[in-house]
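Below: coords-v2.txt (compact mmCIF, C-alpha atoms and all ligand atoms)
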```txt
# COMPACT_ATOMS: atom_id res chain seq x y z
CA MET S 242 -20.41 -21.83 31.03
CA MET S 243 -18.36 -18.64 30.83
CA GLU S 244 -20.40 -15.49 31.21
CA LYS S 245 -20.59 -13.20 28.19
CA LEU S 246 -18.22 -10.26 28.54
CA ASN S 247 -18.86 -6.68 27.54
CA ALA S 248 -16.25 -3.92 27.16
CA VAL S 249 -17.20 -0.82 29.11
CA ILE S 250 -15.67 2.65 29.37
CA THR S 251 -14.89 3.28 33.06
CA GLY S 252 -13.21 6.69 32.96
CA VAL S 253 -12.12 9.65 30.84
CA GLY S 254 -9.09 11.93 30.98
CA GLY S 255 -8.25 14.82 28.69
CA TYR S 256 -5.79 17.55 27.87
CA VAL S 257 -5.74 20.61 25.63
CA PRO S 258 -2.73 22.93 25.33
CA ASP S 259 -2.93 26.40 26.91
CA TYR S 260 -2.36 28.51 23.81
CA VAL S 261 -5.63 29.76 22.31
CA LEU S 262 -5.56 30.65 18.61
CA THR S 263 -8.59 32.87 18.01
CA ASN S 264 -10.34 33.74 14.75
CA GLU S 265 -9.20 37.29 15.35
CA GLU S 266 -5.54 36.21 15.33
CA LEU S 267 -6.13 33.95 12.30
CA SER S 268 -7.66 36.83 10.38
CA ARG S 269 -4.35 38.65 10.78
CA MET S 270 -2.51 35.63 9.30
CA VAL S 271 -4.76 34.88 6.27
CA ASP S 272 -7.56 36.64 4.39
CA THR S 273 -10.53 35.51 6.51
CA THR S 274 -13.02 36.76 9.08
CA ASP S 275 -14.57 35.52 12.30
CA GLU S 276 -17.94 35.77 10.56
CA TRP S 277 -16.92 33.48 7.65
CA ILE S 278 -15.36 30.90 9.95
CA MET S 279 -18.34 30.89 12.32
CA THR S 280 -20.95 30.52 9.57
CA ARG S 281 -19.06 28.06 7.32
CA ILE S 282 -17.29 25.97 10.00
CA GLY S 283 -18.36 26.98 13.53
CA VAL S 284 -14.95 27.23 15.20
CA LYS S 285 -14.35 30.24 17.43
CA GLU S 286 -10.94 29.24 18.77
CA ARG S 287 -8.61 26.25 18.88
CA ARG S 288 -5.74 25.17 21.13
CA ILE S 289 -2.19 24.98 19.81
CA LEU S 290 0.72 23.05 21.31
CA ASN S 291 3.37 25.64 20.47
CA GLU S 292 6.17 24.67 22.84
CA GLU S 293 9.15 23.48 20.87
CA GLY S 294 9.99 19.80 21.27
CA LEU S 295 6.53 18.71 22.38
CA GLY S 296 4.42 16.43 20.21
CA THR S 297 1.40 14.18 20.25
CA SER S 298 2.72 11.90 23.01
CA TYR S 299 2.98 14.88 25.37
CA MET S 300 -0.77 15.53 25.13
CA ALA S 301 -1.53 11.80 25.20
CA ARG S 302 0.54 11.46 28.37
CA LYS S 303 -1.26 14.36 30.09
CA ALA S 304 -4.66 12.87 29.19
CA ALA S 305 -3.70 9.33 30.21
CA LYS S 306 -2.15 10.50 33.51
CA GLN S 307 -5.39 12.26 34.40
CA LEU S 308 -7.29 9.10 33.46
CA VAL S 309 -5.12 6.92 35.71
CA GLN S 310 -5.50 9.42 38.55
CA LYS S 311 -9.29 9.72 38.20
CA THR S 312 -9.98 6.01 37.92
CA GLY S 313 -7.37 4.94 40.46
CA VAL S 314 -6.45 2.03 38.18
CA ASN S 315 -3.22 0.24 39.09
CA PRO S 316 -0.84 0.88 36.14
CA ASP S 317 0.54 -2.65 36.53
CA GLU S 318 -2.89 -3.98 35.57
CA ILE S 319 -3.01 -2.20 32.22
CA ASP S 320 -2.76 -4.89 29.51
CA ALA S 321 -2.62 -2.70 26.44
CA VAL S 322 -2.43 0.87 25.15
CA VAL S 323 -3.80 1.97 21.80
CA VAL S 324 -2.99 5.47 20.58
CA CYS S 325 -5.10 6.74 17.69
CA THR S 326 -3.23 9.44 15.82
CA THR S 327 -2.30 10.79 12.41
CA THR S 328 0.42 13.01 13.83
CA PRO S 329 2.71 10.56 15.65
CA ASP S 330 5.79 11.90 17.43
CA TYR S 331 7.93 9.99 14.91
CA HIS S 332 7.35 7.68 11.92
CA PHE S 333 8.72 5.09 14.32
CA PRO S 334 8.72 4.01 17.06
CA SER S 335 5.03 4.27 17.80
CA THR S 336 3.67 7.08 19.92
CA ALA S 337 2.05 4.37 22.03
CA SER S 338 5.48 2.96 22.94
CA ILE S 339 6.62 6.40 24.10
CA LEU S 340 3.44 6.74 26.14
CA CYS S 341 4.04 3.34 27.78
CA ASP S 342 7.41 4.53 28.97
CA LYS S 343 6.11 7.87 30.26
CA LEU S 344 3.31 6.14 32.16
CA GLY S 345 5.67 3.53 33.58
CA LEU S 346 3.57 0.61 32.34
CA LYS S 347 5.30 -2.73 32.88
CA ASN S 348 2.74 -5.28 31.70
CA ALA S 349 1.27 -3.67 28.60
CA PHE S 350 1.76 -3.95 24.88
CA ALA S 351 1.11 -0.84 22.84
CA PHE S 352 0.56 0.25 19.27
CA ASP S 353 -0.69 3.17 17.19
CA LEU S 354 -3.87 3.02 15.16
CA GLN S 355 -4.09 5.16 12.03
CA ALA S 356 -7.57 5.89 10.74
CA ALA S 357 -7.35 9.68 10.44
CA CYS S 358 -10.33 11.42 12.06
CA CYS S 359 -11.96 8.01 12.64
CA GLY S 360 -9.09 6.78 14.79
CA PHE S 361 -10.92 6.80 18.10
CA LEU S 362 -14.10 5.38 16.57
CA TYR S 363 -12.20 2.44 15.03
CA GLY S 364 -10.24 2.19 18.29
CA LEU S 365 -13.44 1.59 20.25
CA GLU S 366 -14.20 -1.45 18.09
CA VAL S 367 -10.63 -2.80 18.23
CA VAL S 368 -10.40 -2.44 22.00
CA ALA S 369 -13.90 -3.87 22.49
CA SER S 370 -12.78 -7.00 20.59
CA MET S 371 -9.61 -7.27 22.68
CA VAL S 372 -11.60 -7.04 25.91
CA THR S 373 -14.66 -9.14 25.04
CA SER S 374 -12.37 -11.95 23.86
CA GLY S 375 -11.30 -12.26 27.49
CA ARG S 376 -7.63 -11.86 26.57
CA HIS S 377 -7.24 -8.30 27.86
CA LYS S 378 -8.95 -6.87 30.91
CA LYS S 379 -7.94 -3.22 31.11
CA VAL S 380 -6.98 -1.21 28.05
CA ILE S 381 -6.21 2.49 27.65
CA LEU S 382 -7.51 3.99 24.40
CA VAL S 383 -6.19 7.42 23.46
CA GLY S 384 -7.10 9.87 20.69
CA SER S 385 -4.38 12.47 20.32
CA ASP S 386 -3.43 14.77 17.46
CA LYS S 387 -1.19 17.78 17.03
CA MET S 388 -2.88 18.98 13.85
CA SER S 389 -0.92 22.24 13.94
CA SER S 390 2.15 20.19 12.95
CA MET S 391 0.70 19.65 9.46
CA VAL S 392 -1.56 22.66 8.90
CA ASP S 393 -0.45 25.23 6.36
CA TYR S 394 -1.09 28.54 8.14
CA SER S 395 -1.08 30.37 4.80
CA ASP S 396 -3.99 28.25 3.45
CA ARG S 397 -7.21 29.91 4.55
CA ALA S 398 -9.35 26.97 3.45
CA THR S 399 -7.82 24.56 5.98
CA CYS S 400 -6.10 26.51 8.77
CA PRO S 401 -9.28 27.66 10.57
CA ILE S 402 -10.55 24.08 10.95
CA PHE S 403 -7.94 22.28 13.00
CA GLY S 404 -6.61 22.33 16.56
CA ASP S 405 -4.52 20.23 18.96
CA GLY S 406 -5.77 18.06 21.83
CA ALA S 407 -6.00 14.62 23.37
CA ALA S 408 -8.24 12.50 25.53
CA ALA S 409 -8.15 8.95 26.82
CA VAL S 410 -10.59 6.35 28.11
CA LEU S 411 -10.14 3.22 30.17
CA VAL S 412 -11.96 0.20 28.77
CA GLU S 413 -12.57 -2.77 31.07
CA ALA S 414 -14.32 -6.12 30.96
CA THR S 415 -17.74 -6.42 32.61
CA THR S 416 -20.46 -9.04 32.77
CA GLU S 417 -23.11 -6.31 33.00
CA GLU S 418 -25.08 -5.22 29.93
CA TYR S 419 -23.17 -1.97 29.48
CA GLY S 420 -20.41 -0.85 27.19
CA ILE S 421 -19.49 -0.85 23.52
CA MET S 422 -22.53 -2.71 22.18
CA ASP S 423 -22.41 -2.47 18.40
CA SER S 424 -20.66 -0.82 15.47
CA ILE S 425 -20.92 -0.22 11.77
CA LEU S 426 -17.52 0.77 10.40
CA ARG S 427 -16.53 1.26 6.79
CA THR S 428 -13.50 2.24 4.72
CA ASP S 429 -13.91 3.66 1.22
CA GLY S 430 -10.42 3.94 -0.24
CA LYS S 431 -11.63 6.27 -2.97
CA GLY S 432 -11.08 9.21 -0.63
CA LEU S 433 -7.33 9.48 -1.26
CA PRO S 434 -7.36 12.27 -3.89
CA PHE S 435 -9.51 14.51 -1.73
CA LEU S 436 -7.72 14.40 1.62
CA HIS S 437 -4.07 13.50 2.15
CA MET S 438 -0.52 14.68 2.74
CA LYS S 439 1.43 14.56 -0.50
CA ALA S 440 4.92 13.80 0.79
CA GLY S 441 6.83 12.34 3.69
CA GLY S 442 5.67 8.75 3.23
CA SER S 443 7.26 5.92 1.24
CA VAL S 444 5.71 6.98 -2.08
CA CYS S 445 7.29 10.40 -1.91
CA PRO S 446 9.96 10.68 0.79
CA PRO S 447 10.95 14.11 2.07
CA SER S 448 13.34 16.13 -0.05
CA TYR S 449 14.20 19.79 -0.65
CA PHE S 450 11.67 19.65 -3.50
CA THR S 451 8.82 18.43 -1.25
CA VAL S 452 9.59 21.08 1.35
CA ASP S 453 9.88 23.87 -1.23
CA HIS S 454 6.54 22.83 -2.75
CA LYS S 455 4.69 22.69 0.59
CA MET S 456 3.96 19.00 0.25
CA HIS S 457 4.07 18.22 3.98
CA TYR S 458 0.77 19.87 4.81
CA ILE S 459 -2.86 18.70 4.87
CA TYR S 460 -4.28 18.78 1.36
CA GLN S 461 -8.08 18.86 1.37
CA GLU S 462 -10.75 19.37 -1.29
CA GLY S 463 -13.20 20.64 1.26
CA ARG S 464 -16.42 20.63 -0.74
CA THR S 465 -16.09 16.98 -1.81
CA VAL S 466 -15.10 15.84 1.69
CA PHE S 467 -18.03 17.78 3.11
CA LYS S 468 -20.50 16.07 0.77
CA TYR S 469 -19.23 12.55 1.57
CA ALA S 470 -19.10 13.32 5.30
CA VAL S 471 -22.71 14.49 5.48
CA SER S 472 -24.16 11.62 3.48
CA ASN S 473 -22.09 8.80 5.02
CA MET S 474 -22.27 9.93 8.65
CA SER S 475 -26.01 10.56 8.42
CA ALA S 476 -26.70 7.20 6.78
CA VAL S 477 -24.51 5.14 9.11
CA THR S 478 -25.90 6.73 12.30
CA ALA S 479 -29.44 6.12 11.07
CA ASP S 480 -28.49 2.49 10.30
CA ILE S 481 -26.96 1.78 13.70
CA ALA S 482 -29.93 3.39 15.44
CA GLU S 483 -32.38 1.25 13.52
CA LYS S 484 -30.34 -1.92 14.05
CA ASN S 485 -30.41 -1.39 17.84
CA GLY S 486 -33.94 -0.10 18.29
CA LEU S 487 -32.72 3.42 19.02
CA THR S 488 -35.00 6.34 18.24
CA LYS S 489 -35.14 10.04 19.02
CA GLU S 490 -36.97 9.03 22.23
CA ASN S 491 -34.27 6.77 23.68
CA ILE S 492 -31.05 8.18 22.23
CA ASP S 493 -29.53 10.16 25.11
CA TRP S 494 -26.46 11.53 23.34
CA VAL S 495 -25.02 11.77 19.85
CA ILE S 496 -21.26 12.28 19.79
CA PRO S 497 -20.24 13.40 16.31
CA HIS S 498 -16.77 14.12 15.00
CA GLN S 499 -16.19 17.88 15.35
CA ALA S 500 -15.15 18.84 11.82
CA ASN S 501 -17.83 21.31 10.80
CA MET S 502 -20.94 22.55 12.63
CA ARG S 503 -22.98 22.17 9.45
CA ILE S 504 -22.08 18.45 9.28
CA ILE S 505 -23.04 18.03 12.95
CA ASP S 506 -26.39 19.76 12.32
CA ALA S 507 -27.09 17.49 9.34
CA VAL S 508 -26.41 14.30 11.32
CA ALA S 509 -28.61 15.47 14.22
CA SER S 510 -31.50 16.42 11.96
CA ARG S 511 -31.35 13.08 10.10
CA LEU S 512 -31.75 11.33 13.50
CA GLU S 513 -34.34 13.94 14.53
CA VAL S 514 -32.40 14.37 17.76
CA PRO S 515 -32.53 17.89 19.31
CA MET S 516 -29.22 19.73 19.58
CA ASP S 517 -29.26 19.61 23.40
CA LYS S 518 -28.59 15.86 23.06
CA VAL S 519 -25.63 16.39 20.74
CA MET S 520 -22.17 16.86 22.20
CA VAL S 521 -20.54 19.91 20.64
CA ASN S 522 -17.25 21.59 21.54
CA ILE S 523 -16.07 22.53 18.04
CA GLN S 524 -16.31 26.24 18.99
CA ARG S 525 -13.49 25.86 21.51
CA TYR S 526 -11.22 23.18 20.07
CA GLY S 527 -11.93 22.90 16.33
CA ASN S 528 -11.15 19.60 14.67
CA THR S 529 -8.57 17.73 16.77
CA SER S 530 -8.93 14.65 14.51
CA ALA S 531 -8.69 11.50 16.66
CA GLY S 532 -9.11 13.73 19.70
CA THR S 533 -12.63 14.99 19.01
CA LEU S 534 -14.77 12.10 20.28
CA PRO S 535 -12.97 11.49 23.60
CA LEU S 536 -12.67 15.25 24.17
CA CYS S 537 -16.46 15.43 23.89
CA LEU S 538 -16.73 12.73 26.56
CA TRP S 539 -14.25 14.64 28.69
CA ASP S 540 -16.33 17.83 28.47
CA TYR S 541 -19.71 16.16 29.00
CA GLU S 542 -18.75 13.38 31.43
CA LYS S 543 -20.56 14.98 34.40
CA GLN S 544 -23.86 14.93 32.51
CA LEU S 545 -23.68 11.23 31.62
CA LYS S 546 -25.71 8.62 33.49
CA LYS S 547 -25.41 4.87 33.77
CA GLY S 548 -27.55 3.30 31.04
CA ASP S 549 -27.48 6.31 28.69
CA ASN S 550 -27.59 5.37 25.00
CA LEU S 551 -24.73 7.04 23.10
CA ILE S 552 -24.10 7.02 19.37
CA PHE S 553 -20.61 7.99 18.23
CA THR S 554 -19.99 8.82 14.59
CA ALA S 555 -17.01 10.10 12.61
CA PHE S 556 -15.67 10.62 9.11
CA GLY S 557 -12.10 11.04 7.98
CA ALA S 558 -9.40 10.63 5.36
CA GLY S 559 -9.42 7.34 3.49
CA PHE S 560 -12.36 7.71 3.55
CA THR S 561 -12.98 6.18 6.94
CA TYR S 562 -16.36 6.41 8.57
CA GLY S 563 -18.82 4.69 10.82
CA ALA S 564 -20.91 4.72 13.98
CA VAL S 565 -20.57 2.99 17.35
CA TYR S 566 -23.34 2.37 19.88
CA VAL S 567 -22.33 2.58 23.54
CA LYS S 568 -24.45 1.99 26.63
CA TRP S 569 -22.75 4.25 29.18
CA GLY S 570 -21.51 2.48 32.29
CA TYR S 571 -21.38 4.98 35.19
CA ASP S 572 -22.92 8.13 36.64
CA GLY S 573 -21.22 11.50 36.29
CA ASN S 574 -17.53 11.74 36.93
CA VAL S 575 -17.32 9.15 39.67
CA LYS S 576 -16.96 5.47 38.99
O1 LIG E 1 -12.07 15.80 9.57
C1 LIG E 1 -11.83 15.35 8.27
C2 LIG E 1 -12.99 15.61 7.44
N1 LIG E 1 -13.00 16.97 6.98
C3 LIG E 1 -14.14 17.64 6.92
O2 LIG E 1 -15.16 17.14 7.32
C4 LIG E 1 -14.14 18.99 6.25
C5 LIG E 1 -15.26 19.07 5.27
N2 LIG E 1 -15.28 20.34 4.52
C6 LIG E 1 -15.60 21.50 5.09
O3 LIG E 1 -15.82 21.58 6.30
C7 LIG E 1 -15.80 22.70 4.20
O4 LIG E 1 -15.78 22.30 2.86
C8 LIG E 1 -14.73 23.80 4.41
C9 LIG E 1 -14.92 24.44 5.76
C10 LIG E 1 -13.34 23.23 4.30
C11 LIG E 1 -14.87 24.90 3.37
O5 LIG E 1 -16.21 25.40 3.39
P1 LIG E 1 -17.07 25.51 2.05
O6 LIG E 1 -18.34 26.11 2.43
O7 LIG E 1 -17.09 24.14 1.42
O8 LIG E 1 -16.25 26.53 1.22
P2 LIG E 1 -15.61 26.38 -0.24
O9 LIG E 1 -14.34 25.62 -0.16
O10 LIG E 1 -16.66 25.93 -1.20
O11 LIG E 1 -15.29 27.89 -0.52
C12 LIG E 1 -16.31 28.89 -0.65
C13 LIG E 1 -15.66 30.25 -0.80
C14 LIG E 1 -14.51 30.26 -1.80
O12 LIG E 1 -14.55 31.51 -2.47
P3 LIG E 1 -15.14 31.61 -3.95
O13 LIG E 1 -14.30 30.66 -4.77
O14 LIG E 1 -16.56 31.18 -3.83
O15 LIG E 1 -14.94 33.05 -4.28
C15 LIG E 1 -13.28 30.22 -0.92
O16 LIG E 1 -12.17 30.82 -1.52
O17 LIG E 1 -15.10 30.63 0.46
C16 LIG E 1 -13.74 31.01 0.28
N3 LIG E 1 -13.00 30.69 1.48
C17 LIG E 1 -12.86 31.54 2.52
N4 LIG E 1 -13.29 32.80 2.70
C18 LIG E 1 -12.98 33.40 3.86
C19 LIG E 1 -12.38 29.52 1.82
N5 LIG E 1 -11.84 29.61 3.04
C20 LIG E 1 -12.12 30.85 3.50
C21 LIG E 1 -11.83 31.54 4.69
N6 LIG E 1 -12.29 32.79 4.83
N7 LIG E 1 -11.14 30.97 5.71
```

Can you give me the file's structure in the form of structure tokens?
Ligand code: UT7
Amino acid sequence: MMEKLNAVITGVGGYVPDYVLTNEELSRMVDTTDEWIMTRIGVKERRILNEEGLGTSYMARKAAKQLVQKTGVNPDEIDAVVVCTTTPDYHFPSTASILCDKLGLKNAFAFDLQAACCGFLYGLEVVASMVTSGRHKKVILVGSDKMSSMVDYSDRATCPIFGDGAAAVLVEATTEEYGIMDSILRTDGKGLPFLHMKAGGSVCPPSYFTVDHKMHYIYQEGRTVFKYAVSNMSAVTADIAEKNGLTKENIDWVIPHQANMRIIDAVASRLEVPMDKVMVNIQRYGNTSAGTLPLCLWDYEKQLKKGDNLIFTAFGAGFTYGAVYVKWGYDGNVK
């Protein structure tokens, strides 16, 4: 009989651009203060990819190159590449296809996955299915977003939140009891009015009118999104914990989407997990959308141990939300 396969993360690479946009600089662009941003959101600074001609694939490439270097994986053995993004280089071709070329992958197929801020979370489930089916052995999963490309820097309600960044993980097949163990993922399409970009898609293609009326930026009704995010993320993390016998005693890490410190606090307190077990880097990067979860792994990788119980959770446009349970597969930053 064939042994049961699990899909395990075997390495992490990351990249954030050099330019640091501070609250101090933002407060010279719009009517805001460091104090308001820190108490209402919790972002101190964010990175911005401000070099002309560089997009999401540039950050994805940097992150994936570091991943390949760190893991020592043979690029010819990569079967597939999934890039989670809402800010692709182009409408088409996919950012993943550009990444394939830049990485020199010869035996991979590649596609983008669009689930807004839940991209990487959904990506974990998709890649786990690809690997546990036995059809794909080594897959690169990337979360990369250049949010600055669609932020209106005259809108004080959204511009402090977002930043640019990318990170990537390698997912491999294993017969050991480690890896992406379980997930609860949901999509509630009723989120459209509260979080979207009004133009540029097939419903409302770009025109002088759409540009003049600032319709190519993130539109967000923050208070409504906040309410849904808190209740859905809290409920779904509690559900996945219960389903897998995870409690505040044996949860080692919670990895929440980094959209707002108050949302992160709410999720942690619902699980009764102390904040030193919650990965947080929102102060430095803000909300990098599909980048937040893997960037947390990138920052905390050294502290992770084989067998640690991790719960990932995210919430995004759609609405998309969910939680994924991972049993971590290696110690620190060596394989
Ligand atoms: O990743 C995708 C999912 N997205 C999220 O999870 C975001 C969820 N939403 C949020 O994080 C919060 O709703 C925001 C951070 C976007 C806004 O915070 P809030 O506490 O919900 O503020 P609010 O929109 O209710 O606004 C409160 C007040 C308003 O003034 P009035 O009308 O009470 O006089 C705003 O005009 O704060 C004002 N305000 C600001 N003041 C200073 C809004 N933005 C700013 C600002 N600086 N940057």

Give me, as a tab-separated table, each residue of chain S that comes within 8 Å of ligand LIG 1 (chain E), together with its shortest interatomic pair and the distance in Å at one decimal, counting all atoms listed in the file, with rows ordered by chain and rising residue number.
```
residue	atom	partner	partner_atom	distance
S:Val271	CA	E:LIG1	N7	7.5
S:Asp272	CA	E:LIG1	N6	6.1
S:Thr273	CA	E:LIG1	N6	3.6
S:Thr274	CA	E:LIG1	N6	5.9
S:Trp277	CA	E:LIG1	N6	5.5
S:Ile278	CA	E:LIG1	N7	6.0
S:Arg281	CA	E:LIG1	O6	5.3
S:Ile282	CA	E:LIG1	C9	5.1
S:Ala357	CA	E:LIG1	C1	7.5
S:Cys358	CA	E:LIG1	O1	5.3
S:Asp396	CA	E:LIG1	N7	8.0
S:Arg397	CA	E:LIG1	N7	4.2
S:Ala398	CA	E:LIG1	N5	3.7
S:Thr399	CA	E:LIG1	C10	5.9
S:Cys400	CA	E:LIG1	N7	7.4
S:Pro401	CA	E:LIG1	N7	6.2
S:Ile402	CA	E:LIG1	C9	6.8
S:Leu436	CA	E:LIG1	C1	7.9
S:Gln461	CA	E:LIG1	C10	7.4
S:Glu462	CA	E:LIG1	O4	7.1
S:Gly463	CA	E:LIG1	O4	3.5
S:Arg464	CA	E:LIG1	O4	4.0
S:Thr465	CA	E:LIG1	O4	7.1
S:Val466	CA	E:LIG1	C5	4.8
S:Phe467	CA	E:LIG1	C5	3.7
S:Lys468	CA	E:LIG1	C5	7.5
S:Ala470	CA	E:LIG1	O2	5.8
S:His498	CA	E:LIG1	O1	7.4
S:Gln499	CA	E:LIG1	O1	7.4
S:Ala500	CA	E:LIG1	O2	4.8
S:Asn501	CA	E:LIG1	O3	4.9
S:Arg503	CA	E:LIG1	O3	7.8
S:Ile504	CA	E:LIG1	O2	7.3
S:Asn528	CA	E:LIG1	O1	6.4
S:Ser530	CA	E:LIG1	O1	6.0
S:Phe556	CA	E:LIG1	C2	5.9
S:Gly557	CA	E:LIG1	C1	4.3
S:Ala558	CA	E:LIG1	C1	6.1
```

Please, could you write that set of residues out with C-alpha atoms as a PDB file, in the frame of the given file?
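Wrote it out as again_38.pdb, contents follow:
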```pdb
ATOM      1  CA  VAL S 271      -4.760  34.880   6.270  1.00  0.00           C
ATOM      2  CA  ASP S 272      -7.560  36.640   4.390  1.00  0.00           C
ATOM      3  CA  THR S 273     -10.530  35.510   6.510  1.00  0.00           C
ATOM      4  CA  THR S 274     -13.020  36.760   9.080  1.00  0.00           C
ATOM      5  CA  TRP S 277     -16.920  33.480   7.650  1.00  0.00           C
ATOM      6  CA  ILE S 278     -15.360  30.900   9.950  1.00  0.00           C
ATOM      7  CA  ARG S 281     -19.060  28.060   7.320  1.00  0.00           C
ATOM      8  CA  ILE S 282     -17.290  25.970  10.000  1.00  0.00           C
ATOM      9  CA  ALA S 357      -7.350   9.680  10.440  1.00  0.00           C
ATOM     10  CA  CYS S 358     -10.330  11.420  12.060  1.00  0.00           C
ATOM     11  CA  ASP S 396      -3.990  28.250   3.450  1.00  0.00           C
ATOM     12  CA  ARG S 397      -7.210  29.910   4.550  1.00  0.00           C
ATOM     13  CA  ALA S 398      -9.350  26.970   3.450  1.00  0.00           C
ATOM     14  CA  THR S 399      -7.820  24.560   5.980  1.00  0.00           C
ATOM     15  CA  CYS S 400      -6.100  26.510   8.770  1.00  0.00           C
ATOM     16  CA  PRO S 401      -9.280  27.660  10.570  1.00  0.00           C
ATOM     17  CA  ILE S 402     -10.550  24.080  10.950  1.00  0.00           C
ATOM     18  CA  LEU S 436      -7.720  14.400   1.620  1.00  0.00           C
ATOM     19  CA  GLN S 461      -8.080  18.860   1.370  1.00  0.00           C
ATOM     20  CA  GLU S 462     -10.750  19.370  -1.290  1.00  0.00           C
ATOM     21  CA  GLY S 463     -13.200  20.640   1.260  1.00  0.00           C
ATOM     22  CA  ARG S 464     -16.420  20.630  -0.740  1.00  0.00           C
ATOM     23  CA  THR S 465     -16.090  16.980  -1.810  1.00  0.00           C
ATOM     24  CA  VAL S 466     -15.100  15.840   1.690  1.00  0.00           C
ATOM     25  CA  PHE S 467     -18.030  17.780   3.110  1.00  0.00           C
ATOM     26  CA  LYS S 468     -20.500  16.070   0.770  1.00  0.00           C
ATOM     27  CA  ALA S 470     -19.100  13.320   5.300  1.00  0.00           C
ATOM     28  CA  HIS S 498     -16.770  14.120  15.000  1.00  0.00           C
ATOM     29  CA  GLN S 499     -16.190  17.880  15.350  1.00  0.00           C
ATOM     30  CA  ALA S 500     -15.150  18.840  11.820  1.00  0.00           C
ATOM     31  CA  ASN S 501     -17.830  21.310  10.800  1.00  0.00           C
ATOM     32  CA  ARG S 503     -22.980  22.170   9.450  1.00  0.00           C
ATOM     33  CA  ILE S 504     -22.080  18.450   9.280  1.00  0.00           C
ATOM     34  CA  ASN S 528     -11.150  19.600  14.670  1.00  0.00           C
ATOM     35  CA  SER S 530      -8.930  14.650  14.510  1.00  0.00           C
ATOM     36  CA  PHE S 556     -15.670  10.620   9.110  1.00  0.00           C
ATOM     37  CA  GLY S 557     -12.100  11.040   7.980  1.00  0.00           C
ATOM     38  CA  ALA S 558      -9.400  10.630   5.360  1.00  0.00           C
TER      39      ALA S 558
END
```

Practice item. Fewer than 4 positions away in the same chain doesn't count, so skip those; otherwise give me all residues within 9 Å of Tyr299 of chain S, counting all atoms listed in the file, as a list in words. Key: Leu295, Lys303, Ala304, Asp330 and Leu340 of chain S

Practice item. Extract, using all atoms listed in the file, all DNA, RNA and protein residues at most 7 Å from Met520 of chain S, discarding same-chain residues fewer than 3 positions from it, and format them as a list in words. Key: Trp494, Val495, Ile496 and Cys537 of chain S

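Between atom CA of Thr561 of chain S and atom CA of Asp320 of chain S the interatomic distance comes to 27.1 Å.
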
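The smallest atom-to-atom distance between Asp423 of chain S and any of S:Phe361, S:Tyr566, S:Phe352, S:Tyr458, using all atoms listed in the file, is found for S:Tyr566.
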
Practice item. Provide the atom CA of Pro329 of chain S to atom CA of Lys387 of chain S distance in Å, to one decimal place. Key: 8.3 Å
